[in-house]
Amino acid sequence: GIHCVRQDDYAILYKDNLVGRQILDIFVAEEVVVELKAQPKLTRLHAAQTTSYLKTTGKQVGLLFNFGTAHPEFKRVFLSQERRSPVNPAESPSQTWPGLLNSETSYRVIGALFEVHNVLGPGFVRRIYAQSCLRELQFDGHNVELQRRILVHFRGQPIGEVAFEHLRIDSDIMVFPVAIDDTGKIQMANLRRWMAAEGVSLGMLANFHAPSLDLHFMVISS
């Protein structure tokens, strides 16, 4: 007897711009988001996905169920409504910027990445952050292109393409937005080879998964 809606479709906006859509498994009593999985185990990424649904609907409580194990798993996800203060990368004591980042363009790109994390926070999937970074960099006047594939090289020769949304900015910088629990899963050497093949000297891997933006820099010597 409880009212619920299944497969409800929601638009995700970043500063009034559409950056993606999300479909909820079940929305109960217009208050509780229910996400259903059939996986070997629940992960932090599943919880983060449920959090993103809460942000999309503006609700606080989500229920995450997993039916892929011998005994069903359950996790309650709660979204705090606490607002974060804007972050200035220059005032972040935990970050150190390599010398190549001292240019005005590099500094503005870093500021744009912090702005995206400050507005959205953690919990969305990678494509949402990639689209939001694209919008924010465009707002700031950069010449930015969203690229969807990377050409993989082996011993100096191209061997194939893989899907990987990333941004090329002012022909000088590449930004790789991700939302994962461990950046060690990213093959940084492959990203560096792609940068070298494209003639780009500075790369930024931006992980939006954690409560604080996690930035990793890749510098290709000329």
# chains A, B, ... in the order shown; residues from 1 in each chain; ligands from 1
call {"tool": "select_by_dssp", "arguments": {"residues": "region 22-161 of chain A", "states": "strand (DSSP E or B)", "output": "ChimeraX atom specification"}}
result
/A:22-28,32-37,61-66,73-78,144-154,157-161
call {"tool": "select_by_dssp", "arguments": {"residues": "region 139-210 of chain A", "states": "helix (DSSP H, G or I)", "output": "number ranges by chain"}}
result
A: 139, 183-185, 188-198
call {"tool": "residues_around", "arguments": {"residues": "region 137-146 of chain A", "least_positions_apart": "5", "cutoff": "7 Å", "atoms": "only C-alpha atoms", "output": "PyMOL selection string"}}
result
chain A and resi 112+165-170
call {"tool": "atom_distance", "arguments": {"atom1": "CA of Met174 (chain A)", "atom2": "CA of Asp16 (chain A)"}}
result
25.2 Å
call {"tool": "atom_distance", "arguments": {"atom1": "CA of Gly1 (chain A)", "atom2": "CA of Leu36 (chain A)"}}
result
20.2 Å
